[in-house]
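Undergrad: Below you'll find my_file_32.csv; it's CSV, C-alpha atoms.
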```csv
chain,number,residue,atom,x,y,z
A,13,MET,CA,-39.3,70.7,-3.9
A,14,SER,CA,-39.2,74.4,-4.4
A,15,ILE,CA,-37.4,76.8,-6.8
A,16,ASN,CA,-35.4,79.6,-5.2
A,17,THR,CA,-35.7,83.0,-7.0
A,18,ALA,CA,-36.1,86.6,-5.9
A,19,LEU,CA,-39.8,86.3,-6.5
A,20,THR,CA,-40.3,83.2,-4.4
A,21,ARG,CA,-38.3,84.9,-1.6
A,22,LEU,CA,-40.3,88.1,-1.9
A,23,LEU,CA,-43.6,86.3,-1.7
A,24,GLY,CA,-42.7,83.3,0.4
A,25,ILE,CA,-43.9,80.8,-2.2
A,26,ARG,CA,-42.5,77.6,-3.5
A,27,VAL,CA,-43.0,78.0,-7.3
A,28,PRO,CA,-42.2,81.3,-9.1
A,29,LEU,CA,-45.6,81.3,-10.7
A,30,VAL,CA,-48.1,84.1,-10.6
A,31,LEU,CA,-51.8,84.0,-11.6
A,32,PRO,CA,-52.7,87.4,-12.9
A,33,PRO,CA,-55.9,89.3,-12.0
A,34,MET,CA,-57.9,88.1,-15.1
A,35,ALA,CA,-61.3,89.6,-15.1
A,36,GLY,CA,-64.0,86.9,-15.3
A,37,VAL,CA,-61.5,84.2,-14.5
A,38,ALA,CA,-59.6,84.9,-11.3
A,39,GLY,CA,-62.1,84.6,-8.5
A,40,GLY,CA,-61.8,83.5,-4.9
A,41,ARG,CA,-61.7,79.7,-5.4
A,42,LEU,CA,-59.1,79.9,-8.1
A,43,ALA,CA,-56.9,82.3,-6.2
A,44,ALA,CA,-57.0,80.0,-3.1
A,45,ALA,CA,-56.2,76.9,-5.1
A,46,VAL,CA,-53.2,78.5,-6.7
A,47,TYR,CA,-51.9,79.5,-3.3
A,48,ARG,CA,-52.4,76.0,-1.9
A,49,GLY,CA,-50.4,74.7,-4.8
A,50,GLY,CA,-47.4,76.9,-4.0
A,51,GLY,CA,-47.8,79.8,-6.3
A,52,PHE,CA,-49.2,83.3,-5.9
A,53,SER,CA,-52.4,84.7,-7.2
A,54,PHE,CA,-54.2,88.0,-7.7
A,55,LEU,CA,-58.0,88.5,-7.5
A,56,ALA,CA,-59.4,90.7,-10.2
A,57,GLY,CA,-60.5,94.1,-8.8
A,58,ALA,CA,-62.2,97.1,-10.3
A,59,ALA,CA,-63.5,95.2,-13.3
A,60,GLY,CA,-66.8,95.1,-11.4
A,61,PRO,CA,-68.4,96.8,-8.4
A,62,LEU,CA,-66.5,96.8,-5.0
A,63,SER,CA,-69.1,94.4,-3.7
A,64,GLN,CA,-68.0,91.8,-6.2
A,65,LEU,CA,-64.4,92.0,-5.1
A,66,THR,CA,-65.4,91.8,-1.4
A,67,ASN,CA,-67.5,88.7,-2.2
A,68,GLU,CA,-64.5,87.0,-3.9
A,69,ILE,CA,-62.3,87.9,-1.0
A,70,SER,CA,-64.8,86.2,1.4
A,71,ILE,CA,-64.7,83.1,-0.8
A,72,SER,CA,-60.9,83.0,-0.7
A,73,ARG,CA,-61.0,83.3,3.1
A,74,ARG,CA,-63.5,80.5,3.3
A,75,GLU,CA,-61.5,78.3,1.0
A,76,LEU,CA,-58.4,78.8,3.1
A,77,SER,CA,-60.2,78.6,6.5
A,78,LEU,CA,-59.2,82.2,7.4
A,79,SER,CA,-61.1,84.5,9.7
A,80,PRO,CA,-62.0,88.0,8.7
A,81,THR,CA,-59.1,89.3,10.7
A,82,ASP,CA,-56.4,87.0,9.3
A,83,PRO,CA,-54.0,88.5,6.7
A,84,LEU,CA,-55.1,87.3,3.2
A,85,PRO,CA,-52.2,85.5,1.4
A,86,ILE,CA,-53.6,86.6,-1.9
A,87,GLY,CA,-53.0,89.7,-3.9
A,88,ILE,CA,-55.6,92.0,-5.6
A,89,GLY,CA,-55.3,93.6,-9.0
A,90,LEU,CA,-56.7,96.9,-10.2
A,91,GLN,CA,-57.5,97.8,-13.8
A,92,LEU,CA,-56.8,101.5,-13.2
A,93,TRP,CA,-58.5,102.8,-16.3
A,94,ARG,CA,-61.8,101.9,-14.7
A,95,LEU,CA,-60.9,104.3,-11.9
A,96,GLU,CA,-59.6,107.1,-14.0
A,97,ALA,CA,-61.3,109.7,-16.2
A,98,PRO,CA,-62.6,109.7,-18.9
A,99,HIS,CA,-63.6,106.0,-19.1
A,100,GLY,CA,-63.8,105.3,-15.4
A,101,ASP,CA,-65.0,106.8,-12.1
A,102,PRO,CA,-62.2,108.4,-10.1
A,103,SER,CA,-64.3,108.6,-7.0
A,104,LEU,CA,-64.2,104.8,-6.7
A,105,GLY,CA,-60.4,104.6,-6.4
A,106,PRO,CA,-60.1,105.6,-2.7
A,107,GLN,CA,-62.8,103.1,-1.8
A,108,PHE,CA,-61.0,100.2,-3.5
A,109,ILE,CA,-57.6,101.1,-2.0
A,110,GLU,CA,-59.0,101.4,1.5
A,111,VAL,CA,-60.8,98.0,1.4
A,112,ILE,CA,-57.8,96.3,-0.1
A,113,LEU,CA,-55.4,97.6,2.5
A,114,GLN,CA,-57.7,96.8,5.3
A,115,GLU,CA,-57.7,93.1,4.1
A,116,ARG,CA,-53.9,93.2,4.7
A,117,VAL,CA,-53.1,91.6,1.3
A,118,PRO,CA,-49.4,91.1,0.6
A,119,ALA,CA,-49.5,92.6,-2.9
A,120,ILE,CA,-51.4,94.8,-5.3
A,121,TRP,CA,-51.2,94.5,-9.1
A,122,LEU,CA,-51.5,97.8,-11.0
A,123,SER,CA,-52.2,97.9,-14.7
A,124,PHE,CA,-53.6,99.9,-17.6
A,125,GLY,CA,-53.5,103.3,-15.9
A,126,GLN,CA,-52.4,106.7,-17.1
A,127,GLU,CA,-51.5,107.9,-13.6
A,128,MET,CA,-49.2,105.1,-12.4
A,129,GLU,CA,-46.9,107.2,-10.3
A,130,ALA,CA,-49.9,108.9,-8.6
A,131,TRP,CA,-51.5,105.6,-7.8
A,132,VAL,CA,-48.4,104.4,-6.1
A,133,GLU,CA,-48.2,107.5,-4.1
A,134,ARG,CA,-51.9,107.2,-3.1
A,135,ILE,CA,-51.4,103.7,-1.9
A,136,ARG,CA,-48.3,104.5,0.1
A,137,ALA,CA,-50.0,107.5,1.7
A,138,LYS,CA,-53.0,105.4,2.6
A,139,GLU,CA,-50.8,102.8,4.2
A,140,LYS,CA,-49.4,105.4,6.5
A,141,GLU,CA,-52.9,106.8,7.3
A,142,LEU,CA,-54.2,103.3,8.2
A,143,GLY,CA,-51.0,102.2,9.9
A,144,THR,CA,-50.8,99.1,7.7
A,145,SER,CA,-47.6,97.4,6.7
A,146,ARG,CA,-46.0,98.1,3.3
A,147,THR,CA,-47.8,96.3,0.5
A,148,LYS,CA,-45.7,94.9,-2.4
A,149,LEU,CA,-46.7,96.6,-5.6
A,150,PHE,CA,-46.6,94.9,-9.0
A,151,VAL,CA,-46.8,97.1,-12.1
A,152,LEU,CA,-47.7,95.7,-15.6
A,153,VAL,CA,-45.8,97.4,-18.5
A,154,GLY,CA,-46.0,96.9,-22.2
A,155,ASP,CA,-42.7,98.4,-23.3
A,156,VAL,CA,-39.2,99.4,-22.2
A,157,GLU,CA,-40.1,103.1,-21.6
A,158,ALA,CA,-43.0,102.1,-19.3
A,159,ALA,CA,-40.7,99.7,-17.5
A,160,SER,CA,-38.1,102.4,-16.9
A,161,LYS,CA,-40.8,104.8,-15.5
A,162,ALA,CA,-42.2,102.1,-13.3
A,163,ALA,CA,-38.8,101.2,-11.9
A,164,GLU,CA,-38.4,104.8,-10.7
A,165,CYS,CA,-41.5,104.5,-8.5
A,166,ASP,CA,-41.7,102.9,-5.0
A,167,ILE,CA,-42.7,99.5,-6.3
A,168,ASP,CA,-41.4,95.9,-6.0
A,169,VAL,CA,-42.0,94.0,-9.2
A,170,VAL,CA,-42.2,95.1,-12.9
A,171,VAL,CA,-44.3,92.7,-15.0
A,172,GLY,CA,-43.6,92.6,-18.7
A,173,GLN,CA,-46.7,91.9,-20.8
A,174,GLY,CA,-46.1,89.1,-23.3
A,175,ALA,CA,-48.0,87.0,-25.8
A,176,GLY,CA,-49.6,84.6,-23.4
A,177,GLY,CA,-47.2,81.7,-24.0
A,178,LEU,CA,-46.5,80.1,-20.6
A,179,VAL,CA,-48.3,76.9,-19.8
A,180,ASN,CA,-45.8,74.3,-18.4
A,181,GLY,CA,-42.7,73.9,-16.4
A,182,ALA,CA,-40.3,74.0,-19.3
A,183,HIS,CA,-41.7,77.4,-20.3
A,184,LEU,CA,-41.2,78.7,-16.8
A,185,VAL,CA,-37.5,77.5,-16.8
A,186,SER,CA,-37.0,79.1,-20.2
A,187,ILE,CA,-37.6,82.6,-18.8
A,188,LEU,CA,-35.7,82.3,-15.5
A,189,PRO,CA,-32.3,83.5,-17.0
A,190,TRP,CA,-33.9,87.0,-17.4
A,191,ALA,CA,-36.9,87.0,-15.1
A,192,ASP,CA,-37.5,85.9,-11.5
A,193,GLY,CA,-40.8,84.1,-12.3
A,194,GLY,CA,-43.6,83.8,-14.8
A,195,VAL,CA,-47.2,84.9,-15.1
A,196,PHE,CA,-49.5,82.0,-16.1
A,197,GLY,CA,-52.9,83.1,-17.3
A,198,THR,CA,-54.4,80.9,-20.0
A,199,ALA,CA,-53.2,77.7,-18.4
A,200,PHE,CA,-55.6,78.3,-15.5
A,201,ILE,CA,-58.7,79.1,-17.5
A,202,PRO,CA,-59.7,75.4,-18.0
A,203,THR,CA,-59.7,74.6,-14.2
A,204,PRO,CA,-62.8,73.8,-12.1
A,205,GLU,CA,-62.1,76.8,-10.0
A,206,ALA,CA,-62.0,79.4,-12.7
A,207,LEU,CA,-65.0,81.8,-13.2
A,208,TYR,CA,-65.2,81.2,-16.9
A,209,SER,CA,-68.3,79.1,-18.0
A,210,ASP,CA,-68.0,75.4,-18.9
A,211,LYS,CA,-68.5,76.3,-22.5
A,212,GLN,CA,-65.6,78.7,-22.5
A,213,LYS,CA,-63.3,76.2,-20.8
A,214,GLU,CA,-64.2,73.5,-23.4
A,215,LEU,CA,-63.5,76.1,-26.1
A,216,VAL,CA,-60.0,76.7,-24.7
A,217,ILE,CA,-59.2,73.0,-24.5
A,218,LYS,CA,-60.3,72.5,-28.1
A,219,SER,CA,-58.6,75.5,-29.6
A,220,SER,CA,-55.1,76.0,-31.1
A,221,GLY,CA,-52.9,79.0,-31.3
A,222,SER,CA,-54.0,79.6,-34.9
A,223,ASP,CA,-57.6,79.9,-33.6
A,224,THR,CA,-56.7,83.1,-31.6
A,225,ILE,CA,-56.4,86.7,-32.7
A,226,ARG,CA,-55.2,90.0,-31.2
A,227,SER,CA,-58.0,92.5,-31.7
A,228,GLU,CA,-59.8,95.5,-30.2
A,229,LYS,CA,-63.1,94.3,-31.7
A,230,TYR,CA,-64.1,92.5,-28.5
A,231,ASP,CA,-63.7,95.7,-26.5
A,232,ILE,CA,-65.5,97.7,-29.1
A,233,ALA,CA,-68.5,95.4,-28.9
A,234,ARG,CA,-68.4,95.5,-25.1
A,235,GLY,CA,-67.7,99.2,-24.8
A,236,THR,CA,-64.5,98.7,-22.8
A,237,LEU,CA,-62.1,101.0,-24.5
A,238,GLY,CA,-60.0,102.6,-21.8
A,239,TRP,CA,-57.0,100.2,-21.9
A,240,GLY,CA,-54.7,102.7,-23.5
A,241,ASP,CA,-52.7,103.0,-26.7
A,242,ARG,CA,-51.4,99.9,-28.4
A,243,VAL,CA,-53.3,97.6,-26.0
A,244,ASP,CA,-55.5,94.8,-27.2
A,245,GLY,CA,-56.2,91.3,-26.1
A,246,ARG,CA,-55.9,87.9,-27.6
A,247,GLY,CA,-59.1,85.9,-27.9
A,248,ILE,CA,-60.4,82.9,-29.7
A,249,LYS,CA,-61.8,83.8,-33.1
A,250,ASN,CA,-65.6,84.0,-33.4
A,251,LEU,CA,-68.4,86.0,-35.1
A,252,THR,CA,-67.3,89.1,-33.2
A,253,SER,CA,-63.8,89.0,-34.5
A,254,GLU,CA,-65.0,88.6,-38.0
A,255,GLU,CA,-67.4,91.6,-38.0
A,256,SER,CA,-66.4,95.1,-38.9
A,257,GLU,CA,-65.5,97.6,-36.1
A,258,GLU,CA,-68.2,99.9,-37.5
A,259,SER,CA,-70.9,97.3,-37.1
A,260,LEU,CA,-69.7,96.2,-33.6
A,261,GLY,CA,-69.6,99.8,-32.4
A,262,SER,CA,-73.1,100.6,-33.5
A,263,GLU,CA,-76.1,100.5,-31.1
A,264,GLU,CA,-77.3,97.3,-32.8
A,265,GLY,CA,-73.9,95.7,-32.6
A,266,LYS,CA,-73.6,96.5,-28.9
A,267,ARG,CA,-77.1,95.2,-28.3
A,268,VAL,CA,-76.4,91.9,-30.0
A,269,TYR,CA,-73.2,91.4,-28.0
A,270,ALA,CA,-75.0,92.2,-24.7
A,271,GLU,CA,-77.6,89.6,-25.5
A,272,ALA,CA,-74.9,87.1,-26.3
A,273,ALA,CA,-73.2,87.8,-23.0
A,274,LYS,CA,-76.4,87.2,-21.1
A,275,ALA,CA,-76.8,83.9,-22.9
A,276,GLY,CA,-73.2,82.9,-22.5
A,277,ASP,CA,-73.0,82.5,-26.3
A,278,THR,CA,-69.3,81.6,-27.1
A,279,SER,CA,-69.9,82.2,-30.8
A,280,ARG,CA,-70.0,85.9,-30.0
A,281,ILE,CA,-68.6,86.7,-26.5
A,282,VAL,CA,-64.9,86.9,-26.0
A,283,THR,CA,-62.9,84.0,-24.6
A,284,TRP,CA,-59.5,85.3,-23.9
A,285,ALA,CA,-56.6,82.9,-24.6
A,286,GLY,CA,-52.9,83.1,-25.1
A,287,SER,CA,-50.9,81.9,-28.1
A,288,SER,CA,-49.9,78.6,-26.5
A,289,VAL,CA,-53.5,77.6,-25.9
A,290,GLY,CA,-53.0,74.6,-28.2
A,291,LEU,CA,-50.8,73.0,-25.6
A,292,ILE,CA,-53.7,72.8,-23.1
A,293,THR,CA,-55.6,69.6,-23.6
A,294,GLU,CA,-57.5,68.9,-20.4
A,295,LEU,CA,-59.4,70.3,-17.5
A,296,ALA,CA,-57.2,70.1,-14.4
A,297,PRO,CA,-57.6,71.3,-10.7
A,298,ALA,CA,-55.6,74.5,-10.2
A,299,GLU,CA,-53.7,73.3,-7.1
A,300,GLU,CA,-52.6,70.2,-9.0
A,301,LEU,CA,-51.7,72.3,-12.0
A,302,VAL,CA,-49.4,74.5,-10.0
A,303,LYS,CA,-47.7,71.5,-8.4
A,304,ARG,CA,-47.3,69.9,-11.9
A,305,ILE,CA,-45.7,73.0,-13.4
A,306,GLY,CA,-43.4,73.2,-10.4
A,307,LYS,CA,-42.4,69.6,-10.8
A,308,GLU,CA,-41.8,69.9,-14.5
A,309,ALA,CA,-39.7,73.0,-13.9
A,310,VAL,CA,-37.4,71.2,-11.3
A,311,GLU,CA,-37.0,68.3,-13.7
A,312,SER,CA,-36.0,70.7,-16.5
A,313,LEU,CA,-33.6,72.5,-14.3
A,314,ASN,CA,-32.0,69.2,-13.2
A,315,TYR,CA,-31.7,68.2,-16.9
A,316,LEU,CA,-30.0,71.4,-17.8
A,317,LYS,CA,-27.6,71.0,-14.9
A,318,SER,CA,-26.7,67.5,-16.1
A,319,LEU,CA,-25.6,68.9,-19.5
A,320,SER,CA,-22.8,70.9,-17.9
A,321,GLN,CA,-21.3,68.0,-16.0
```
I need this file expressed as C-alpha cells, please.
TA:
Amino acid sequence: MSINTALTRLLGIRVPLVLPPMAGVAGGRLAAAVYRGGGFSFLAGAAGPLSQLTNEISISRRELSLSPTDPLPIGIGLQLWRLEAPHGDPSLGPQFIEVILQERVPAIWLSFGQEMEAWVERIRAKEKELGTSRTKLFVLVGDVEAASKAAECDIDVVVGQGAGGLVNGAHLVSILPWADGGVFGTAFIPTPEALYSDKQKELVIKSSGSDTIRSEKYDIARGTLGWGDRVDGRGIKNLTSEESEESLGSEEGKRVYAEAAKAGDTSRIVTWAGSSVGLITELAPAEELVKRIGKEAVESLNYLKSLSQ
C-alpha cells in the first residue's frame, strides 16, 4: 500500500519518507536501497571532492541497473558552506551544479548556506543553459524566518530541521497533520548499505537518547566550522565531547582527532545520532526498513480512522 501526500505525488514515491544527504552515511548503495523500498533519498555532495560524488552516483546506477544516460531517480544534497567563502571554495560550486544537472536528478537538497537565494538562481540559470528540465529544490531551514525567506525563492520543498526523532511509522504519521512527509536519518545509520563503519553502527544500536549530546566540539576538533550561527549536531557522547573546546581546537587536539579518524576510533570520532536513537535495536536492510516504516504508518492511519467511526 502507499500513502498519498503532496510529497509522494511530487516525487512519485509510495512512502513519504526522505533520507537526507548525511555526509559519511548516505552513499550510493543506501540511496538505491531507499528508492527500491518506496522512499526518496539524497546522496551527500560537496562534503568531499567532486570525484567522490560521481563515484557514489555510479554505484547508485549500478545498484539500480541504470545506464549512464538514464535519469537518476535519486537526489543530491549540497552543504553550501563548503562552496562559499570564507570556509569553502566558491570556484567549486559551478562544477558541482553542472555535474548534478547533467545526471538529470529529480531533486537537489540545499543546506547551510549564506547565499541561498543566489544558489537557487544559479541552478535555475544553469538549467536553462544546459536545456535540462526543472529540478525540484529542497531547502533546509532552522527557524521560521529562514523558512519564510526560502518560501519566497523558486523552490519546491521547505525542510524544517528537527531533533532527529523519526524512526518508525507511528512517528511518520504523527507529523502528517502539519507536514507532507518526514526526514529519516538516524534510522538508516545501522543498515548494511550505510557508509558508517561497523563499529559506528554497533554504537548506534547500543546507545540511548541520553547517550547523545548537541555540541560544536566535534566540529571544532575536525575543523568544520562553516555551518552557520546556532547550528550544531547531535552525536553520541565520547572523549571528544568531554574535552574542552580550547583543547580540541589546538594543534595537538586536531592531530589527536585526525589520528582517531584514520583509525576509526569511536571513542573519539563523531557518530551522529538523533534523540530517538534508543528505539533502534537492530541492523536492518534499508529497503526492508522503508517498507516496514510504510506498513507501520498505514496501520497507524487505519487505527486512527477506526477511532472516529
Undergrad: Nearest to Phe196 of chain A among A:Ala233, A:Val216, A:Val30, A:Val151, with distances taken over all atoms listed in the file: which residue is it?
TA: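 Result for the nearest residue to Phe196 of chain A: A:Val30.
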Undergrad: Quote the spacing between atom CA of Glu299 of chain A and atom CA of Val37 of chain A in Å to one decimal place.
TA: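 Computing the Euclidean distance for atom CA of Glu299 of chain A and atom CA of Val37 of chain A yields 15.3 Å.
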Undergrad: Have a look at A:Ser186, A:Ser320, A:Ser77, A:Gln126 and name the one nearest to Lys161 of chain A; count all atoms listed in the file.
TA: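 Selected residue with least distance to Lys161 of chain A: A:Gln126.
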Undergrad: For Ala191 of chain A, find every residue with an atom within 10 Å (counting all atoms listed in the file), except residues of its own chain fewer than 5 positions away, and show them as an MDAnalysis selection string.
TA: chainID A and resid 17:19 28 170:172 184:186
Undergrad: If you keep C-alpha atoms, can you produce a file of those selected residues as a PDB file, keeping the file's coordinate frame?
TA:
```
ATOM      1  CA  THR A  17     -35.700  83.000  -7.000  1.00  0.00           C
ATOM      2  CA  ALA A  18     -36.100  86.600  -5.900  1.00  0.00           C
ATOM      3  CA  LEU A  19     -39.800  86.300  -6.500  1.00  0.00           C
ATOM      4  CA  PRO A  28     -42.200  81.300  -9.100  1.00  0.00           C
ATOM      5  CA  VAL A 170     -42.200  95.100 -12.900  1.00  0.00           C
ATOM      6  CA  VAL A 171     -44.300  92.700 -15.000  1.00  0.00           C
ATOM      7  CA  GLY A 172     -43.600  92.600 -18.700  1.00  0.00           C
ATOM      8  CA  LEU A 184     -41.200  78.700 -16.800  1.00  0.00           C
ATOM      9  CA  VAL A 185     -37.500  77.500 -16.800  1.00  0.00           C
ATOM     10  CA  SER A 186     -37.000  79.100 -20.200  1.00  0.00           C
TER      11      SER A 186
END
```
Undergrad: Give me, as a VMD selection string, all polymer residues having an atom no more than 12 Å from Leu42 of chain A, counting all atoms listed in the file and skipping those fewer than 5 positions away in the same chain.
TA: chain A and resid 31 to 34 36 to 37 47 to 49 51 to 56 68 to 69 71 to 73 75 to 76 86 197 200 to 208 296 to 302
Undergrad: Which residue out of A:Lys249, A:Lys266, A:His183, A:Lys213 has the minimum interatomic distance to Leu313 of chain A when all atoms listed in the file are used?
TA: A:His183
